[in-house]
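This is my_file03.cif. It holds mmCIF, C-alpha atoms.
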data_my_file
#
loop_
_atom_site.label_atom_id
_atom_site.label_comp_id
_atom_site.auth_asym_id
_atom_site.auth_seq_id
_atom_site.Cartn_x
_atom_site.Cartn_y
_atom_site.Cartn_z
CA MET A 1 0.00 0.00 0.00
CA ARG A 2 2.88 2.34 0.83
CA LYS A 3 4.49 1.76 -2.57
CA LEU A 4 1.13 2.33 -4.28
CA ILE A 5 0.83 5.74 -2.64
CA ILE A 6 4.46 6.64 -3.45
CA PHE A 7 4.19 5.68 -7.12
CA ALA A 8 0.76 7.32 -7.47
CA PHE A 9 2.26 10.51 -6.00
CA ILE A 10 5.15 10.29 -8.49
CA GLY A 11 2.61 9.96 -11.32
CA PHE A 12 0.55 12.85 -9.95
CA LEU A 13 3.56 15.15 -9.51
CA ALA A 14 5.01 14.23 -12.91
CA GLN A 15 1.72 14.83 -14.76
CA LEU A 16 1.03 18.03 -12.85
CA ILE A 17 4.40 19.40 -13.97
CA ASP A 18 4.13 17.98 -17.48
CA GLY A 19 0.61 19.22 -18.07
CA SER A 20 1.49 22.68 -16.75
CA LEU A 21 4.83 22.95 -18.51
CA GLY A 22 4.62 20.72 -21.58
CA MET A 23 7.52 18.60 -20.35
CA ALA A 24 8.97 16.39 -17.63
CA TYR A 25 6.47 13.54 -17.09
CA GLY A 26 8.88 10.99 -18.56
CA VAL A 27 12.03 12.59 -17.16
CA THR A 28 10.56 13.00 -13.67
CA SER A 29 8.98 9.54 -13.50
CA THR A 30 11.99 7.74 -14.99
CA SER A 31 14.41 9.58 -12.72
CA MET A 32 12.40 8.51 -9.67
CA LEU A 33 12.07 4.90 -10.86
CA LEU A 34 15.82 4.67 -11.48
CA THR A 35 16.43 5.64 -7.86
CA PHE A 36 14.50 2.49 -6.88
CA GLY A 37 17.03 0.38 -8.80
CA ILE A 38 14.76 -0.36 -11.75
CA ALA A 39 16.50 -1.19 -15.07
CA PRO A 40 16.37 1.73 -17.56
CA ALA A 41 14.50 -0.18 -20.30
CA VAL A 42 11.90 -1.51 -17.84
CA ALA A 43 11.53 1.91 -16.18
CA SER A 44 11.10 3.65 -19.53
CA ALA A 45 8.64 0.98 -20.72
CA SER A 46 6.56 1.36 -17.53
CA VAL A 47 6.55 5.15 -17.83
CA HIS A 48 5.54 5.12 -21.50
CA LEU A 49 2.80 2.56 -20.91
CA SER A 50 1.35 4.73 -18.13
CA GLU A 51 1.70 7.77 -20.41
CA VAL A 52 -0.67 6.20 -22.94
CA VAL A 53 -3.48 6.82 -20.45
CA THR A 54 -2.23 9.98 -18.73
CA THR A 55 -1.42 11.82 -21.99
CA ALA A 56 -4.85 10.91 -23.36
CA ALA A 57 -6.47 12.43 -20.28
CA SER A 58 -4.14 15.43 -20.50
CA GLY A 59 -4.82 15.95 -24.22
CA ILE A 60 -8.58 15.93 -23.71
CA SER A 61 -8.22 18.43 -20.85
CA HIS A 62 -6.00 20.78 -22.88
CA MET A 63 -8.42 20.66 -25.83
CA LYS A 64 -11.29 21.63 -23.54
CA PHE A 65 -9.34 24.67 -22.33
CA GLY A 66 -8.38 25.62 -25.92
CA ASN A 67 -4.65 25.06 -25.40
CA VAL A 68 -3.97 23.06 -28.60
CA ASP A 69 -2.80 24.18 -32.07
CA ARG A 70 -4.18 21.36 -34.23
CA GLN A 71 -2.02 22.05 -37.31
CA ALA A 72 1.22 21.87 -35.30
CA LEU A 73 -0.15 18.81 -33.50
CA TYR A 74 -0.65 16.84 -36.72
CA LYS A 75 2.79 17.83 -38.06
CA LEU A 76 4.56 16.53 -34.94
CA ILE A 77 2.74 13.23 -34.45
CA ILE A 78 4.13 11.11 -37.33
CA PRO A 79 7.89 11.93 -37.11
CA GLY A 80 7.68 11.86 -33.30
CA SER A 81 6.08 8.41 -33.34
CA ILE A 82 8.74 7.02 -35.71
CA GLY A 83 11.55 8.41 -33.55
CA ALA A 84 9.99 7.03 -30.35
CA PHE A 85 9.54 3.52 -31.79
CA ALA A 86 13.16 3.44 -33.01
CA GLY A 87 14.45 4.72 -29.67
CA ALA A 88 12.50 2.08 -27.73
CA CYS A 89 13.90 -0.77 -29.84
CA PHE A 90 17.41 0.66 -29.47
CA LEU A 91 17.23 0.96 -25.67
CA SER A 92 15.69 -2.50 -25.20
CA ASN A 93 18.75 -4.18 -26.73
CA LEU A 94 21.20 -2.56 -24.31
CA PRO A 95 22.21 -4.06 -20.92
CA GLY A 96 20.43 -2.18 -18.10
CA ASP A 97 23.24 -1.90 -15.54
CA GLN A 98 25.75 -0.62 -18.08
CA ILE A 99 23.45 1.94 -19.71
CA LYS A 100 21.92 3.32 -16.48
CA PRO A 101 24.66 5.94 -15.77
CA TYR A 102 24.53 7.14 -19.38
CA ILE A 103 20.75 7.53 -19.22
CA SER A 104 21.15 9.52 -16.00
CA ILE A 105 23.75 11.75 -17.69
CA PHE A 106 21.32 12.31 -20.57
CA LEU A 107 18.54 13.20 -18.14
CA LEU A 108 20.89 15.46 -16.19
CA ILE A 109 21.79 17.33 -19.39
CA LEU A 110 18.08 17.74 -20.15
CA GLY A 111 17.58 19.11 -16.65
CA VAL A 112 20.36 21.68 -17.11
CA TYR A 113 18.91 22.61 -20.51
CA VAL A 114 15.44 23.13 -19.04
CA LEU A 115 16.86 25.23 -16.19
CA PHE A 116 18.89 27.57 -18.40
CA ARG A 117 16.17 27.77 -21.04
CA PHE A 118 13.67 29.12 -18.54
CA LEU A 119 16.16 31.49 -16.95
CA LYS A 120 15.79 33.46 -20.17
CA THR A 121 12.01 33.19 -20.37
CA SER A 122 9.98 36.37 -19.98
CA LYS A 123 6.53 37.56 -20.95
CA THR A 124 6.08 39.13 -24.37
CA LYS A 125 3.84 42.12 -25.12
CA SER A 126 2.01 40.47 -28.01
CA GLU A 127 1.33 36.86 -28.95
CA LYS A 128 0.54 35.13 -32.20
CA LYS A 129 -2.65 33.10 -32.54
CA SER A 130 -0.87 29.90 -33.63
CA ILE A 131 2.47 28.09 -33.75
CA ASN A 132 4.42 28.66 -36.97
CA LEU A 133 5.92 25.21 -37.66
CA SER A 134 7.21 24.22 -41.11
CA ARG A 135 7.07 20.61 -42.34
CA LYS A 136 10.89 20.34 -42.47
CA LYS A 137 11.29 21.62 -38.93
CA SER A 138 8.51 19.39 -37.61
CA ILE A 139 10.09 16.25 -39.14
CA THR A 140 13.56 16.99 -37.74
CA LEU A 141 12.23 18.03 -34.34
CA GLY A 142 9.82 15.09 -34.12
CA LEU A 143 12.41 12.43 -35.01
CA ILE A 144 15.05 13.73 -32.58
CA ALA A 145 12.67 14.42 -29.69
CA GLY A 146 10.81 11.11 -30.16
CA PHE A 147 14.06 9.10 -30.17
CA ALA A 148 15.37 10.99 -27.12
CA ASP A 149 12.08 10.46 -25.29
CA ALA A 150 12.18 6.68 -25.64
CA THR A 151 15.88 6.24 -24.87
CA GLY A 152 15.88 8.58 -21.89
CA GLY A 153 12.40 7.86 -20.58
CA GLY A 154 11.74 11.53 -21.20
CA GLY A 155 12.77 14.12 -23.76
CA TRP A 156 9.77 14.85 -25.95
CA GLY A 157 8.67 17.80 -23.83
CA PRO A 158 12.11 19.07 -22.72
CA ILE A 159 13.26 19.21 -26.36
CA THR A 160 10.05 20.12 -28.22
CA THR A 161 8.63 22.71 -25.84
CA PRO A 162 11.71 25.00 -25.59
CA VAL A 163 12.29 24.79 -29.37
CA LEU A 164 8.74 25.92 -30.09
CA LEU A 165 8.87 28.55 -27.35
CA SER A 166 12.03 30.01 -28.91
CA GLN A 167 9.85 31.62 -31.61
CA ASP A 168 8.92 35.23 -30.89
CA GLY A 169 5.36 35.80 -29.83
CA VAL A 170 4.31 32.14 -29.73
CA PRO A 171 1.55 31.64 -27.13
CA ALA A 172 3.05 29.58 -24.29
CA ARG A 173 -0.22 27.85 -23.43
CA LYS A 174 -0.63 26.69 -27.05
CA VAL A 175 2.89 25.26 -27.04
CA VAL A 176 2.37 23.46 -23.73
CA GLY A 177 -1.03 22.09 -24.73
CA THR A 178 0.09 20.99 -28.20
CA VAL A 179 3.25 19.25 -26.99
CA ASP A 180 1.40 17.57 -24.14
CA THR A 181 -1.39 16.34 -26.43
CA SER A 182 0.98 15.08 -29.14
CA GLU A 183 2.80 13.05 -26.50
CA PHE A 184 -0.04 10.52 -26.59
CA ALA A 185 1.12 9.30 -30.02
CA ILE A 186 4.75 9.23 -28.88
CA ALA A 187 3.83 7.20 -25.78
CA VAL A 188 1.87 4.68 -27.88
CA SER A 189 4.73 4.25 -30.38
CA ALA A 190 7.40 3.90 -27.69
CA THR A 191 5.26 1.41 -25.79
CA LEU A 192 4.79 -0.74 -28.90
CA GLY A 193 8.55 -0.70 -29.44
CA PHE A 194 9.24 -1.76 -25.85
CA LEU A 195 6.61 -4.51 -25.88
CA ILE A 196 7.94 -5.96 -29.14
CA ALA A 197 11.54 -5.89 -27.87
CA LEU A 198 10.96 -6.77 -24.19
CA GLY A 199 7.63 -8.58 -24.11
CA TRP A 200 4.66 -8.13 -21.77
CA GLN A 201 6.33 -10.16 -19.00
CA GLU A 202 8.84 -7.38 -18.34
CA VAL A 203 6.12 -4.86 -17.51
CA ASN A 204 5.42 -4.28 -13.82
CA TRP A 205 1.69 -3.53 -13.88
CA PHE A 206 1.77 -2.34 -10.26
CA TRP A 207 4.08 0.53 -11.18
CA VAL A 208 2.16 1.27 -14.37
CA THR A 209 -1.25 1.34 -12.67
CA SER A 210 0.03 3.50 -9.81
CA LEU A 211 1.55 6.03 -12.21
CA MET A 212 -1.67 6.05 -14.26
CA VAL A 213 -3.88 6.77 -11.25
CA GLY A 214 -1.78 9.71 -10.13
CA GLY A 215 -1.49 11.06 -13.68
CA ILE A 216 -5.21 10.89 -14.43
CA ILE A 217 -6.02 12.86 -11.27
CA ALA A 218 -3.44 15.54 -12.13
CA ALA A 219 -4.27 15.93 -15.86
CA PRO A 220 -7.30 18.28 -15.66
CA ILE A 221 -5.72 20.25 -12.80
CA ALA A 222 -2.55 20.82 -14.85
CA ALA A 223 -4.50 21.90 -17.94
CA TRP A 224 -6.21 24.56 -15.83
CA ILE A 225 -2.95 25.62 -14.15
CA VAL A 226 -1.27 26.30 -17.51
CA THR A 227 -3.62 29.24 -18.01
CA LYS A 228 -2.95 30.64 -14.52
CA LEU A 229 0.66 30.14 -13.41
CA PRO A 230 3.86 31.40 -15.12
CA SER A 231 5.66 28.62 -16.99
CA TYR A 232 9.10 30.12 -16.28
CA LEU A 233 8.73 29.37 -12.57
CA LEU A 234 7.68 25.77 -13.13
CA GLY A 235 10.52 25.41 -15.62
CA ILE A 236 13.11 26.35 -13.01
CA LEU A 237 11.52 24.05 -10.43
CA VAL A 238 11.43 21.00 -12.67
CA GLY A 239 14.90 21.66 -14.12
CA GLY A 240 16.42 21.76 -10.65
CA PHE A 241 14.48 18.68 -9.58
CA ILE A 242 15.74 16.67 -12.56
CA ILE A 243 19.35 17.76 -11.92
CA LEU A 244 19.16 16.87 -8.22
CA THR A 245 17.55 13.45 -8.81
CA ASN A 246 19.96 12.32 -11.50
CA ALA A 247 22.98 13.70 -9.65
CA ARG A 248 21.98 11.38 -6.83
CA THR A 249 21.92 8.41 -9.23
CA LEU A 250 25.33 9.29 -10.67
CA LEU A 251 26.92 9.91 -7.27
CA GLY A 252 25.71 6.47 -6.22
CA THR A 253 27.30 4.94 -9.33
CA TRP A 254 30.63 6.75 -9.24
CA SER A 255 33.12 6.09 -6.45
CA LEU A 256 33.65 9.51 -4.91
CA GLN A 257 35.08 10.33 -1.52
CA ASP A 258 32.35 10.86 1.08
CA HIS A 259 33.24 14.48 1.83
CA TRP A 260 32.61 15.49 -1.82
CA VAL A 261 28.99 14.26 -1.91
CA PRO A 262 27.45 16.84 0.51
CA PHE A 263 29.48 19.58 -1.19
CA ILE A 264 28.05 18.64 -4.63
CA TYR A 265 24.48 18.55 -3.25
CA MET A 266 25.03 21.95 -1.63
CA LEU A 267 26.22 23.46 -4.93
CA ILE A 268 23.16 22.08 -6.76
CA LEU A 269 20.74 23.42 -4.13
CA ILE A 270 22.42 26.85 -4.06
CA GLY A 271 22.33 27.05 -7.87
CA TRP A 272 18.68 25.96 -7.89
CA ALA A 273 17.67 28.52 -5.24
CA GLY A 274 19.67 31.24 -7.00
CA SER A 275 17.93 30.45 -10.29
CA LEU A 276 14.51 30.78 -8.63
CA VAL A 277 15.41 34.14 -7.11
CA PHE A 278 16.87 35.39 -10.41
CA VAL A 279 13.90 34.40 -12.58
CA ILE A 280 11.35 35.83 -10.13
CA ARG A 281 13.18 39.18 -9.91
CA ASN A 282 13.79 39.26 -13.67
CA ASN A 283 10.12 38.77 -14.49
CA LYS A 284 8.98 41.26 -11.84
CA LYS A 285 11.21 43.87 -13.47
CA GLY A 286 9.74 42.98 -16.85
CA LEU A 287 6.21 43.44 -15.53
CA HIS A 288 7.06 46.86 -14.07
CA LYS A 289 8.55 47.98 -17.38
CA ASN A 290 5.46 46.90 -19.26
#
Go through the file and emit its structure as structure tokens.
Amino acid sequence: MRKLIIFAFIGFLAQLIDGSLGMAYGVTSTSMLLTFGIAPAVASASVHLSEVVTTAASGISHMKFGNVDRQALYKLIIPGSIGAFAGACFLSNLPGDQIKPYISIFLLILGVYVLFRFLKTSKTKSEKKSINLSRKKSITLGLIAGFADATGGGGWGPITTPVLLSQDGVPARKVVGTVDTSEFAIAVSATLGFLIALGWQEVNWFWVTSLMVGGIIAAPIAAWIVTKLPSYLLGILVGGFIILTNARTLLGTWSLQDHWVPFIYMLILIGWAGSLVFVIRNNKKGLHKN
């Protein structure tokens, strides 16, 4: 019962962040599962299988709140699905213990990217009505982000959302809603890849069900939050969380002297707190100027 509550809370927290930010369900969930000693391929398979349900609930919620650009959604689905399927097959053929540190490094890099990306985020005076996404850009972005999502257990949102947000005047809520809704197709494709390569017997349905329950509860709440809370603040919070979680995994893998470990944690926490203070002050100044 205790594990059920813990995993349901992980699913709830991950979907709340993902639905509000357009990223981090896979990265957050996978990072937490890896800390429990779960093999990367099995952890990623469990997360993607749970995402089939949670992203469907999230997509429906975002559509109800008008947070989805349908043209951009359709352009991202096909290349993203192909990349996710290929990434799942690739990860399933690698030994879990050997690849675990590399997956954590990948997730750590994504966390740093998310953190620094949102340090620069500020509100714009005017917004466009839709996301301007060319076919060439959507194919490249979809393939890379889909492959990264399956191999790292997360990456679709952390890669796709900042890239789309980098365009001037793009409505943040449309980006978040579109990326979150398109993730349903990526989750389905990655899950099929994992099931073909690993088989149903490798899936821990207890973990999957627990993550689903938490995610379903959080989905409509997150879709509402995206219209109310600033994404830059959530971006800093999730970026720091990903860095801290995967640093813990790497420190447990690498043989470092004991006195270095607290020092590294302290640096991460100070940097995280400093980033929060900076982004809050920066955006307050921007609001006063406007």
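Counting all atoms listed in the file and comparing A:Gly214, A:Gly193, A:Gly59, A:Gly37, the residue that lies closest to A:Leu91 is A:Gly193.
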Using all atoms listed in the file for the distances, tell me which of A:Phe7, A:Val53, A:Thr178, A:Ser61 is nearest to A:Ala219. A:Ser61
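Note on the selection: in this file the PyMOL selection byres ((chain A and resi 271-275) around 8) comes out as A:Leu115, A:Leu119, A:Ile236, A:Leu237, A:Gly240, A:Leu267, A:Ile268, A:Leu269, A:Ile270, A:Leu276, A:Val277, A:Phe278, A:Val279.
Residue nearest A:Thr140, chosen from A:Gly252, A:Gly66, A:Gly83, A:Gly199 and counting only C-alpha atoms: A:Gly83.
Nearest residue to A:Gly239, choosing from A:Gln15, A:Thr28, A:Ser210, A:Ser182 and counting all atoms listed in the file: A:Thr28.
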Here's the selection I'm unsure about, the PyMOL selection byres ((chain A and resi 19) around 9); applied to the file above, which residues does it give, as a count of residues only? 27
Give as number ranges by chain every residue, naming chains and numbers as the document does, that has an atom within 12 Å of (9.7, 14.6, -25.9), counting only C-alpha atoms. A: 18, 22-27, 48, 51, 76-77, 79-81, 83-84, 87, 107, 110, 141-163, 176, 178-187, 190
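Nearest residue to A:Phe118, choosing from A:Pro230, A:Trp254, A:Leu73, A:Met266 and counting all atoms listed in the file: A:Pro230.
With all atoms listed in the file as the basis for measurement, A:Ala8 is the residue among A:Ala8, A:Ala43, A:Leu250, A:Leu192 that approaches A:Thr209 most closely.
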Residues selected by the PyMOL selection byres ((chain A and resi 108) around 10), written as a list in words: Val27, Ser31, Tyr102, Ile103, Ser104, Ile105, Phe106, Leu107, Ile109, Leu110, Gly111, Val112, Tyr113, Val114, Gly239, Gly240, Phe241, Ile242, Ile243, Leu244, Thr245, Asn246, Ala247, Thr249 and Leu250 of chain A
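Distance-wise, atom CA of A:Leu13 and atom CA of A:Ile217 end up 10.0 Å apart.
The spacing separating atom CA of A:Ile280 from atom CA of A:Pro171 amounts to 20.1 Å.
One finds atom CA of A:Thr191 at 7.5 Å from atom CA of A:Ala88.
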